[in-house]
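**Student:** Dropping in upload39.tsv, which is TSV, C-alpha atoms and all ligand atoms:
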chain	number	residue	atom	x	y	z
A	1	MET	CA	-14.82	14.56	5.74
A	2	THR	CA	-16.58	15.21	2.46
A	3	ALA	CA	-18.82	12.80	0.58
A	4	SER	CA	-16.25	12.47	-2.23
A	5	GLN	CA	-13.72	10.72	0.02
A	6	LEU	CA	-13.91	7.07	-0.99
A	7	MET	CA	-11.62	5.72	1.73
A	8	VAL	CA	-10.98	7.33	5.09
A	9	ALA	CA	-8.56	5.88	7.64
A	10	GLU	CA	-8.93	7.37	11.10
A	11	ARG	CA	-6.28	6.75	13.75
A	12	LEU	CA	-5.84	3.28	12.32
A	13	SER	CA	-3.54	1.13	14.48
A	14	ARG	CA	-2.41	-2.45	14.33
A	15	HIS	CA	-0.22	-3.85	17.08
A	16	PHE	CA	1.51	-7.22	17.21
A	17	ASP	CA	2.76	-9.04	20.27
A	18	ALA	CA	6.51	-9.23	19.65
A	19	SER	CA	7.34	-10.61	23.11
A	20	PRO	CA	9.81	-13.41	23.65
A	21	SER	CA	8.24	-16.65	24.90
A	22	TRP	CA	6.62	-16.74	28.32
A	23	LEU	CA	9.52	-18.78	29.72
A	24	ALA	CA	12.19	-16.46	28.28
A	25	ARG	CA	10.32	-13.46	29.73
A	26	LYS	CA	10.12	-15.05	33.19
A	27	LEU	CA	13.80	-16.03	33.16
A	28	ALA	CA	15.01	-12.62	32.01
A	29	GLY	CA	12.34	-10.68	33.90
A	30	THR	CA	11.36	-8.75	30.77
A	31	PRO	CA	7.85	-7.42	30.12
A	32	ARG	CA	5.73	-8.06	27.06
A	33	ARG	CA	6.75	-6.16	23.98
A	34	ILE	CA	4.10	-4.69	21.72
A	35	LEU	CA	5.13	-3.81	18.20
A	36	LYS	CA	3.10	-0.91	16.82
A	37	ALA	CA	3.30	-1.89	13.15
A	38	VAL	CA	0.70	0.77	12.31
A	39	ASP	CA	0.26	3.56	14.83
A	40	GLU	CA	-2.65	6.01	14.54
A	41	VAL	CA	-2.53	6.41	10.80
A	42	SER	CA	-5.10	8.79	9.27
A	43	PHE	CA	-5.66	9.69	5.63
A	44	ALA	CA	-8.43	10.21	3.11
A	45	ILE	CA	-8.52	9.24	-0.56
A	46	PRO	CA	-10.92	11.13	-2.85
A	47	GLU	CA	-12.78	9.15	-5.49
A	48	GLY	CA	-10.66	8.65	-8.63
A	49	ALA	CA	-7.39	9.65	-6.94
A	50	THR	CA	-4.24	7.74	-6.04
A	51	LEU	CA	-2.71	7.98	-2.59
A	52	ALA	CA	0.74	6.44	-2.39
A	53	LEU	CA	2.07	5.05	0.89
A	54	VAL	CA	5.84	5.10	0.87
A	55	GLY	CA	8.58	4.24	3.35
A	56	GLU	CA	11.44	1.84	4.03
A	57	SER	CA	10.97	-1.88	4.57
A	58	GLY	CA	9.16	-2.67	7.81
A	59	CYS	CA	7.56	0.76	8.29
A	60	GLY	CA	4.08	-0.78	8.22
A	61	LYS	CA	2.88	-0.25	4.65
A	62	SER	CA	1.58	-3.78	4.07
A	63	THR	CA	0.02	-3.98	7.52
A	64	ALA	CA	-1.81	-0.71	6.85
A	65	ALA	CA	-2.87	-2.02	3.42
A	66	ARG	CA	-4.25	-5.21	4.90
A	67	CYS	CA	-6.24	-3.26	7.51
A	68	VAL	CA	-7.58	-0.95	4.80
A	69	ALA	CA	-8.52	-4.00	2.69
A	70	GLY	CA	-10.36	-5.53	5.64
A	71	LEU	CA	-8.03	-8.56	5.59
A	72	LEU	CA	-6.65	-7.71	9.03
A	73	ALA	CA	-8.63	-6.29	11.94
A	74	PRO	CA	-7.15	-3.05	13.29
A	75	SER	CA	-6.22	-2.95	16.98
A	76	SER	CA	-7.98	0.41	17.10
A	77	GLY	CA	-9.19	3.10	14.75
A	78	THR	CA	-11.16	2.57	11.56
A	79	ALA	CA	-10.87	2.30	7.81
A	80	ARG	CA	-14.13	3.32	6.17
A	81	TYR	CA	-15.06	2.72	2.54
A	82	ARG	CA	-17.98	4.92	1.44
A	83	ASP	CA	-18.71	5.53	5.13
A	84	THR	CA	-18.89	1.79	5.91
A	85	ASP	CA	-16.36	0.15	8.23
A	86	MET	CA	-14.08	-2.08	6.13
A	87	ARG	CA	-14.69	-4.94	8.53
A	88	GLU	CA	-18.35	-4.91	7.44
A	89	VAL	CA	-17.35	-4.54	3.78
A	90	ALA	CA	-14.91	-7.48	3.97
A	91	LYS	CA	-17.54	-9.71	5.55
A	92	GLY	CA	-19.82	-8.91	2.63
A	93	ARG	CA	-22.60	-7.64	4.87
A	94	ALA	CA	-22.58	-4.16	3.38
A	95	GLY	CA	-22.92	-5.43	-0.20
A	96	LEU	CA	-19.76	-3.53	-1.12
A	97	ARG	CA	-17.36	-6.48	-1.15
A	98	ARG	CA	-16.89	-6.55	-4.91
A	99	GLU	CA	-15.93	-2.86	-4.94
A	100	VAL	CA	-12.67	-3.31	-3.02
A	101	GLN	CA	-9.86	-5.45	-4.48
A	102	MET	CA	-6.18	-5.93	-3.78
A	103	ILE	CA	-3.13	-6.57	-5.98
A	104	PHE	CA	-0.02	-8.03	-4.38
A	105	GLN	CA	3.70	-7.87	-5.10
A	106	ASP	CA	4.28	-11.43	-6.13
A	107	PRO	CA	1.97	-12.44	-8.98
A	108	TYR	CA	3.22	-16.03	-8.90
A	109	GLY	CA	2.42	-16.40	-5.22
A	110	SER	CA	-1.04	-14.92	-5.70
A	111	LEU	CA	-2.00	-17.07	-8.70
A	112	ASN	CA	-2.89	-20.72	-8.15
A	113	PRO	CA	-0.38	-22.64	-10.33
A	114	ARG	CA	-2.83	-25.52	-10.85
A	115	LEU	CA	-5.68	-23.39	-12.19
A	116	ARG	CA	-6.03	-22.23	-15.75
A	117	VAL	CA	-5.81	-18.48	-16.02
A	118	GLY	CA	-9.46	-18.17	-17.07
A	119	ARG	CA	-10.57	-19.93	-13.87
A	120	THR	CA	-8.32	-17.73	-11.77
A	121	ILE	CA	-9.72	-14.55	-13.28
A	122	ALA	CA	-13.32	-15.73	-12.91
A	123	ASP	CA	-12.77	-16.91	-9.33
A	124	PRO	CA	-13.77	-13.65	-7.61
A	125	LEU	CA	-16.96	-13.56	-9.69
A	126	VAL	CA	-17.84	-17.08	-8.57
A	127	ALA	CA	-16.95	-16.31	-4.95
A	128	LEU	CA	-19.12	-13.19	-5.01
A	129	GLY	CA	-22.00	-15.01	-6.70
A	130	ILE	CA	-21.97	-12.69	-9.74
A	131	ALA	CA	-20.46	-15.09	-12.26
A	132	GLY	CA	-23.43	-15.40	-14.62
A	133	SER	CA	-23.66	-18.22	-17.19
A	134	ARG	CA	-20.60	-20.05	-18.57
A	135	VAL	CA	-20.82	-18.14	-21.81
A	136	GLU	CA	-21.07	-14.80	-20.02
A	137	ARG	CA	-18.16	-15.75	-17.80
A	138	ARG	CA	-15.97	-16.73	-20.75
A	139	GLU	CA	-16.82	-13.50	-22.50
A	140	ARG	CA	-16.01	-11.43	-19.43
A	141	VAL	CA	-12.67	-13.24	-18.95
A	142	GLY	CA	-11.77	-12.65	-22.61
A	143	GLN	CA	-12.65	-8.98	-22.31
A	144	LEU	CA	-10.54	-8.64	-19.14
A	145	LEU	CA	-7.57	-10.36	-20.76
A	146	ARG	CA	-7.77	-7.96	-23.68
A	147	GLU	CA	-7.99	-4.99	-21.31
A	148	VAL	CA	-4.70	-5.95	-19.66
A	149	GLY	CA	-2.96	-6.50	-23.00
A	150	LEU	CA	-3.27	-10.30	-23.22
A	151	SER	CA	-5.36	-12.46	-25.53
A	152	PRO	CA	-8.63	-14.28	-24.76
A	153	ALA	CA	-6.88	-17.52	-25.78
A	154	ASP	CA	-4.57	-17.09	-22.76
A	155	ALA	CA	-7.50	-18.15	-20.54
A	156	GLU	CA	-6.66	-21.78	-21.34
A	157	LYS	CA	-3.04	-21.54	-20.17
A	158	PHE	CA	-1.46	-22.01	-16.75
A	159	PRO	CA	0.47	-19.31	-14.82
A	160	HIS	CA	3.89	-20.93	-15.44
A	161	GLU	CA	3.44	-20.34	-19.18
A	162	PHE	CA	3.70	-16.56	-18.64
A	163	SER	CA	6.48	-14.11	-17.80
A	164	GLY	CA	6.47	-12.15	-14.53
A	165	GLY	CA	5.00	-9.07	-16.19
A	166	GLN	CA	2.28	-11.12	-17.90
A	167	ARG	CA	1.45	-12.80	-14.60
A	168	GLN	CA	1.00	-9.41	-12.98
A	169	ARG	CA	-1.33	-8.52	-15.88
A	170	ILE	CA	-3.34	-11.64	-15.03
A	171	ALA	CA	-3.47	-10.60	-11.36
A	172	ILE	CA	-4.71	-7.17	-12.46
A	173	ALA	CA	-7.38	-8.76	-14.67
A	174	ARG	CA	-8.56	-10.81	-11.72
A	175	ALA	CA	-8.68	-7.75	-9.48
A	176	LEU	CA	-10.78	-5.94	-12.10
A	177	ALA	CA	-13.16	-8.87	-12.71
A	178	SER	CA	-15.71	-7.71	-10.17
A	179	LYS	CA	-15.63	-4.11	-11.47
A	180	PRO	CA	-14.16	-2.64	-8.31
A	181	ALA	CA	-14.05	1.07	-7.50
A	182	PHE	CA	-11.14	0.90	-5.07
A	183	VAL	CA	-7.95	-1.11	-5.60
A	184	ILE	CA	-5.22	-1.52	-3.01
A	185	CYS	CA	-1.90	-2.22	-4.72
A	186	ASP	CA	0.92	-3.50	-2.48
A	187	GLU	CA	4.23	-3.10	-4.35
A	188	PRO	CA	2.62	-4.35	-7.58
A	189	THR	CA	5.76	-3.94	-9.68
A	190	SER	CA	8.57	-4.44	-7.14
A	191	ALA	CA	9.20	-8.04	-8.16
A	192	LEU	CA	9.44	-7.20	-11.86
A	193	ASP	CA	12.37	-6.34	-14.11
A	194	VAL	CA	12.97	-2.63	-14.35
A	195	SER	CA	12.09	-2.63	-18.07
A	196	ILE	CA	8.70	-4.23	-17.36
A	197	GLN	CA	7.76	-2.03	-14.39
A	198	ALA	CA	6.90	1.05	-16.46
A	199	GLN	CA	4.64	-0.99	-18.77
A	200	ILE	CA	2.64	-2.33	-15.85
A	201	LEU	CA	2.45	1.09	-14.19
A	202	ASN	CA	1.21	2.65	-17.42
A	203	LEU	CA	-1.38	-0.10	-17.78
A	204	MET	CA	-2.57	0.58	-14.22
A	205	ARG	CA	-2.90	4.28	-14.98
A	206	ASP	CA	-4.82	3.64	-18.20
A	207	LEU	CA	-7.17	1.30	-16.37
A	208	GLN	CA	-7.63	3.93	-13.67
A	209	ASP	CA	-8.66	6.50	-16.29
A	210	GLN	CA	-10.97	4.10	-18.13
A	211	HIS	CA	-12.74	2.82	-15.04
A	212	GLY	CA	-12.46	5.79	-12.69
A	213	LEU	CA	-10.57	3.65	-10.18
A	214	THR	CA	-9.31	4.92	-6.84
A	215	TYR	CA	-5.93	3.53	-5.77
A	216	LEU	CA	-4.10	3.08	-2.52
A	217	PHE	CA	-0.69	2.45	-4.02
A	218	ILE	CA	2.11	1.09	-1.88
A	219	SER	CA	5.74	1.28	-2.85
A	220	HIS	CA	9.15	1.80	-1.32
A	221	ASN	CA	10.29	3.26	-4.65
A	222	LEU	CA	9.84	7.03	-4.97
A	223	ALA	CA	10.28	6.99	-8.75
A	224	VAL	CA	7.29	4.65	-8.97
A	225	VAL	CA	5.36	6.88	-6.56
A	226	ASP	CA	6.21	9.94	-8.66
A	227	HIS	CA	4.74	8.16	-11.68
A	228	MET	CA	1.51	7.10	-9.98
A	229	ALA	CA	0.43	9.31	-7.09
A	230	ASP	CA	-1.74	12.38	-6.66
A	231	ARG	CA	-0.89	12.52	-2.96
A	232	VAL	CA	1.86	10.80	-1.03
A	233	ALA	CA	1.85	9.70	2.61
A	234	VAL	CA	5.33	8.93	3.95
A	235	MET	CA	5.49	6.34	6.74
A	236	TYR	CA	8.21	5.86	9.30
A	237	LEU	CA	8.02	3.22	12.04
A	238	GLY	CA	4.28	2.81	11.77
A	239	ARG	CA	3.35	6.49	11.60
A	240	ILE	CA	2.71	8.94	8.79
A	241	VAL	CA	5.38	11.65	9.01
A	242	GLU	CA	4.33	13.63	5.94
A	243	ASN	CA	1.27	13.80	3.70
A	244	ALA	CA	1.44	16.10	0.70
A	245	THR	CA	0.59	16.36	-2.97
A	246	ARG	CA	3.07	14.69	-5.29
A	247	GLU	CA	4.28	18.09	-6.54
A	248	GLN	CA	4.79	19.45	-3.00
A	249	LEU	CA	6.52	16.33	-1.83
A	250	PHE	CA	9.06	16.19	-4.62
A	251	SER	CA	9.66	19.93	-5.02
A	252	ALA	CA	9.75	20.95	-1.35
A	253	PRO	CA	9.68	18.01	1.07
A	254	ALA	CA	8.78	19.20	4.59
A	255	HIS	CA	10.05	16.32	6.74
A	256	PRO	CA	13.78	15.54	7.07
A	257	TYR	CA	12.96	11.86	6.54
A	258	THR	CA	11.23	12.63	3.23
A	259	ARG	CA	14.28	14.65	2.18
A	260	GLN	CA	16.58	11.73	2.91
A	261	LEU	CA	14.30	9.32	1.06
A	262	ILE	CA	14.31	11.57	-1.99
A	263	ALA	CA	18.10	12.03	-1.85
A	264	ALA	CA	18.51	8.24	-1.66
A	265	SER	CA	16.04	7.43	-4.39
A	266	PRO	CA	16.41	7.10	-8.12
A	267	SER	CA	15.16	10.12	-10.02
A	268	ALA	CA	11.88	9.86	-11.89
A	269	GLY	CA	12.37	8.15	-15.22
A	270	ALA	CA	15.38	6.23	-13.92
A	271	ILE	CA	13.63	3.48	-11.98
A	272	GLY	CA	16.18	1.13	-10.52
A	273	LYS	CA	19.20	3.43	-9.96
A	274	ARG	CA	20.24	4.59	-6.50
A	275	HIS	CA	21.86	7.83	-5.40
A	276	GLU	CA	22.96	8.53	-1.80
A	277	PRO	CA	22.44	5.75	0.70
A	278	MET	CA	20.06	6.40	3.62
A	279	ARG	CA	21.70	7.78	6.76
A	280	GLY	CA	21.69	5.28	9.65
A	281	GLU	CA	19.48	2.25	10.12
A	282	VAL	CA	15.79	1.82	10.84
A	283	PRO	CA	15.48	1.26	14.62
A	284	ASN	CA	13.82	-1.87	16.00
A	285	PRO	CA	10.08	-1.13	15.63
A	286	ALA	CA	9.37	-3.07	18.85
A	287	ASN	CA	11.54	-0.59	20.72
A	288	PRO	CA	11.28	2.75	18.93
A	289	PRO	CA	13.30	5.79	20.05
A	290	ALA	CA	11.61	8.25	22.44
A	291	GLY	CA	10.29	11.56	21.17
A	292	CYS	CA	10.40	11.75	17.38
A	293	SER	CA	11.27	8.19	16.35
A	294	PHE	CA	13.33	9.60	13.47
A	295	HIS	CA	15.60	11.73	15.69
A	296	PRO	CA	18.62	9.35	15.79
A	297	ARG	CA	18.89	9.64	11.99
A	298	CYS	CA	17.92	13.29	11.68
A	299	PRO	CA	20.56	15.95	10.99
A	300	ALA	CA	18.23	18.66	12.34
A	301	ALA	CA	17.31	16.96	15.65
A	302	THR	CA	17.35	19.09	18.83
A	303	ASN	CA	16.44	18.40	22.45
A	304	ILE	CA	12.69	18.61	21.92
A	305	CYS	CA	12.97	15.92	19.21
A	306	ARG	CA	14.51	13.53	21.72
A	307	SER	CA	11.74	14.01	24.29
A	308	GLU	CA	8.47	15.00	22.61
A	309	ARG	CA	6.78	13.13	19.83
A	310	PRO	CA	5.67	15.55	17.09
A	311	GLU	CA	2.07	15.10	15.99
A	312	LEU	CA	1.13	15.15	12.33
A	313	ARG	CA	-0.09	18.72	11.82
A	314	SER	CA	-1.17	20.93	8.97
A	315	LEU	CA	1.45	23.24	7.51
A	316	GLY	CA	-1.27	25.38	5.98
A	317	ASP	CA	-0.86	24.51	2.32
A	318	ALA	CA	-2.84	21.24	2.22
A	319	ARG	CA	0.12	19.36	3.52
A	320	GLU	CA	0.83	17.79	6.87
A	321	ALA	CA	4.09	16.90	8.56
A	322	ALA	CA	5.10	15.48	11.92
A	323	CYS	CA	8.25	17.48	12.66
A	324	HIS	CA	8.90	20.06	15.38
A	325	HIS	CA	11.04	22.07	12.98
A	326	ALA	CA	9.06	21.75	9.72
A	327	GLU	CA	8.59	25.52	9.30
A	328	ALA	CA	12.16	26.41	10.29
A	329	LEU	CA	13.55	23.86	7.84
A	330	ALA	CA	11.39	25.00	4.94
B	401	LIG	N1	1.92	-11.02	11.70
B	401	LIG	C1	2.89	-10.29	12.25
B	401	LIG	N2	3.36	-10.58	13.49
B	401	LIG	C2	4.33	-9.84	14.07
B	401	LIG	N3	4.90	-8.78	13.49
B	401	LIG	C3	4.49	-8.43	12.26
B	401	LIG	C4	3.47	-9.17	11.57
B	401	LIG	N4	3.27	-8.59	10.35
B	401	LIG	C5	4.13	-7.56	10.30
B	401	LIG	N5	4.86	-7.46	11.42
B	401	LIG	C6	5.88	-6.43	11.72
B	401	LIG	O1	5.27	-5.17	11.53
B	401	LIG	C7	6.18	-4.26	10.95
B	401	LIG	C8	5.60	-3.71	9.68
B	401	LIG	O2	5.58	-4.74	8.71
B	401	LIG	P1	4.99	-4.53	7.24
B	401	LIG	O3	5.07	-5.81	6.53
B	401	LIG	O4	3.66	-3.88	7.34
B	401	LIG	O5	6.05	-3.49	6.64
B	401	LIG	P2	6.23	-2.99	5.13
B	401	LIG	O6	6.36	-1.51	5.20
B	401	LIG	O7	5.16	-3.55	4.27
B	401	LIG	O8	7.64	-3.61	4.72
B	401	LIG	P3	8.18	-4.11	3.27
B	401	LIG	O9	8.55	-2.86	2.51
B	401	LIG	O10	9.37	-4.94	3.61
B	401	LIG	O11	7.08	-4.89	2.62
B	401	LIG	C9	7.49	-5.03	10.77
B	401	LIG	O12	8.33	-4.77	11.87
B	401	LIG	C10	7.05	-6.47	10.77
B	401	LIG	O13	8.07	-7.31	11.25
B	402	MG	MG	5.18	-4.78	2.57
Translate this structure into structure tokens?
**Tutor:**
Amino acid sequence: MTASQLMVAERLSRHFDASPSWLARKLAGTPRRILKAVDEVSFAIPEGATLALVGESGCGKSTAARCVAGLLAPSSGTARYRDTDMREVAKGRAGLRREVQMIFQDPYGSLNPRLRVGRTIADPLVALGIAGSRVERRERVGQLLREVGLSPADAEKFPHEFSGGQRQRIAIARALASKPAFVICDEPTSALDVSIQAQILNLMRDLQDQHGLTYLFISHNLAVVDHMADRVAVMYLGRIVENATREQLFSAPAHPYTRQLIAASPSAGAIGKRHEPMRGEVPNPANPPAGCSFHPRCPAATNICRSERPELRSLGDAREAACHHAEALA
């Protein structure tokens, strides 16, 4: 690990107890079932870069994001921000709390409908004890509103007076209020109209350039990922199956799952359209297939894939893939 890595996740895991009730287990004689929502996930994000986490619904993106944000304790492994365990950062003990912020998918759900927008944006400053005087606070809120393309006068309004895109701008302003260095974005544009998505993504990129932000950017949409990411980590059933630069991933995907995702996704610049459907269904994550968990959907699967789980390994050119046949398929 080098000093320039802002966030490092090491064998990060989060398990949930997905067992039926005690009585149902006793009656049916079934054991407890542990769902490995995030299973030994490792990655590093250099300062100023964007790592995208991509994968189908239920693959563990949000769970990983919440562990990285310190909102959820990992079952094992660590997420370290500037070499400090995120659990310490989230508790505020390391003095780094203001540097890590999160933006969620649903701006309406994450904004308090009863609070004026100015209050909402200033909230993190108050919570962190860095709000300053009323005048300073109002000035800062006005400046933030301008930065996200709204007007200082909007501070007096309530969330319902804004469109979905404008509400996401407000959520972004709030996330930036404490001058963070690292922002975790969980599907920040997935709830928005296709025409609005690109505007918000462009705003997020401009803000990244202006403030030197580092992003962990979560999306199930590869066109969005193509627009935002420097590196891409592809997740499948809780595990990273490929980690590559954006160029490598889109020009020569190494994992059969990545190939299928790309074939099924809209091309860059055509956010919202779909091509081929994905082959097969995502298995039950509480009962994943043996060996490579992707093998039932993989056209290249052989015997070893059904029995031995492939580890994520380097393919030599700064990319990693978890596939027994990655080289042969290249
Ligand atoms: N609190 C919880 N208790 C039990 N299971 C959970 C909990 N949170 C998530 N899970 C399960 O963990 C798995 C991963 O969920 P997660 O929300 O992280 O996926 P995701 O990739 O963000 O999906 P989506 O694209 O739909 O947002 C799913 O099978 C989900 O049902
Ligand atoms: Mg999610």
**Student:** Tell me, as a VMD selection string, which residues lie within 12 Å of Leu96 in chain A, counting only C-alpha atoms; anything in the same chain fewer than 5 positions away does not count.
**Tutor:** chain A and resid 69 to 70 80 to 91 101 128 178 to 182
**Student:** Select from chain A every residue with an atom at most 9 Å from any atom of ligand LIG 401 (chain B), then for each give the shortest pair of atoms and their distance in Å to one decimal, using only C-alpha atoms and all ligand atoms, rows by chain and rising number, as CSV.
**Tutor:**
residue,atom,partner,partner_atom,distance
A:Arg14,CA,B:LIG401,O1,8.6
A:His15,CA,B:LIG401,O1,7.9
A:Phe16,CA,B:LIG401,C2,5.0
A:Asp17,CA,B:LIG401,C2,6.4
A:Ala18,CA,B:LIG401,C2,6.0
A:Leu35,CA,B:LIG401,O1,6.8
A:Lys36,CA,B:LIG401,O1,7.1
A:Ala37,CA,B:LIG401,O1,4.2
A:Val38,CA,B:LIG401,C8,7.1
A:Leu53,CA,B:LIG401,O6,8.9
A:Val54,CA,B:LIG401,O6,7.9
A:Gly55,CA,B:LIG401,O6,6.4
A:Glu56,CA,B:LIG401,O9,5.7
A:Ser57,CA,B:LIG401,O9,3.3
A:Gly58,CA,B:LIG401,O5,3.4
A:Cys59,CA,B:LIG401,O6,4.0
A:Gly60,CA,B:LIG401,O4,3.2
A:Lys61,CA,B:LIG401,O6,3.7
A:Ser62,CA,B:LIG401,O7,3.6
A:Thr63,CA,B:LIG401,O4,3.6
A:Ala64,CA,B:LIG401,O4,6.3
A:Ala65,CA,B:LIG401,O4,7.8
A:Arg66,CA,B:LIG401,O4,8.4
A:Gln105,CA,B:LIG401,O11,8.9
A:Asp186,CA,B:LIG401,O7,8.0
A:Glu187,CA,B:LIG401,O11,7.7
A:Ile218,CA,B:LIG401,O7,8.3
A:Ser219,CA,B:LIG401,O9,7.3
A:His220,CA,B:LIG401,O9,6.1
A:Met235,CA,B:LIG401,O6,8.0
A:Tyr236,CA,B:LIG401,O6,8.6
A:Leu237,CA,B:LIG401,C8,7.7
A:Gly238,CA,B:LIG401,C8,7.0
A:Asn284,CA,B:LIG401,O12,7.5
A:Pro285,CA,B:LIG401,O12,5.5
A:Ala286,CA,B:LIG401,O12,7.3
**Student:** Find, counting only C-alpha atoms and all ligand atoms, the residue in A:Ala73, A:Cys185, A:Ala122, A:Ala300 that gets nearest to ligand MG 402 (chain B).
**Tutor:**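 Looking at the shortest contact to ligand MG 402 (chain B), the residue is A:Cys185.
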**Student:** Compile the contact shell of range 106-120 of chain A as JSON, numbers by chain: residues with an atom at most 6 Å away, counting only C-alpha atoms, same-chain residues fewer than 4 positions apart removed.
**Tutor:** {"A": [155, 156, 157, 158, 159, 167, 168]}
**Student:** Report, in Å with one decimal, the straight-line distance from CA of Pro188 in chain A to CA of Ala44 in chain A.
**Tutor:**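 Going from CA of Pro188 in chain A over to CA of Ala44 in chain A, I get 21.2 Å.
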**Student:** Would you mind telling me which residue in A:Pro31, A:Ser190, A:Ala94, A:Cys305 lies nearest to ligand MG 402 (chain B) when using only C-alpha atoms and all ligand atoms?
**Tutor:**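 Going through A:Pro31, A:Ser190, A:Ala94, A:Cys305 one by one, the smallest distance to ligand MG 402 (chain B) is for A:Ser190.
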**Student:** Could you work out how far CA of Thr50 in chain A lies from CA of Ser76 in chain A, giving the answer in Å with one decimal?
**Tutor:**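 Computing it gives 24.6 Å between the two atoms.
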**Student:** Neighbours of Glu47 in chain A within 12 Å (all atoms listed in the file; same-chain residues fewer than 6 positions away dropped), as a list of chain:residue names?
**Tutor:**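 In the requested form, the answer reads A:Thr2, A:Ala3, A:Ser4, A:Gln5, A:Leu6, A:Met7, A:Val8, A:Tyr81, A:Arg82, A:Ala181, A:Phe182, A:Val183, A:Gln208, A:Asp209, A:His211, A:Gly212, A:Leu213, A:Thr214, A:Tyr215, A:Leu216, A:Asp230.
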**Student:** Nearest to Gln260 in chain A among A:Gly164, A:Pro299, A:Gly129, A:Pro283, with distances taken over all atoms listed in the file: which residue is it?
**Tutor:**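 The closest residue to Gln260 in chain A is A:Pro299.
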**Student:** Can you tell me how far CA of Pro310 in chain A sits from CA of Arg279 in chain A, in Å to one decimal?
**Tutor:**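 Separating CA of Pro310 in chain A from CA of Arg279 in chain A is a distance of 20.6 Å.
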**Student:** Please provide as number ranges by chain all residues within 10 Å of Ala326 in chain A, with the sequence filter that same-chain residues fewer than 6 positions apart are discarded (counting all atoms listed in the file).
**Tutor:** A: 253-256, 313, 315, 320
**Student:** When distances are computed from all atoms listed in the file, which of A:Asn287, A:Thr30, A:Asn221, A:Gln197 shows the smallest separation from ligand MG 402 (chain B)?
**Tutor:**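 Of A:Asn287, A:Thr30, A:Asn221, A:Gln197, the one nearest ligand MG 402 (chain B) is A:Asn221, counting all atoms listed in the file.
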**Student:** Quick one: residues within 10 Å of Val41 in chain A, all atoms listed in the file, excluding same-chain residues fewer than 2 positions away - as a ChimeraX atom specification?
**Tutor:** /A:9-14,38-39,43,64,77-79,233,235,238-241,312
**Student:** Which residue, A:Leu71, A:Leu261, A:Ala52, A:Ala328, has the smallest gap to Val225 in chain A when you use only C-alpha atoms?
**Tutor:** A:Ala52
**Student:** Pick out the closest residue to Cys323 in chain A from this set: A:Tyr257, A:Ile172, A:Ser265, A:Val141. Count only C-alpha atoms.
**Tutor:**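 Comparing A:Tyr257, A:Ile172, A:Ser265, A:Val141 against Cys323 in chain A, the winner is A:Tyr257.
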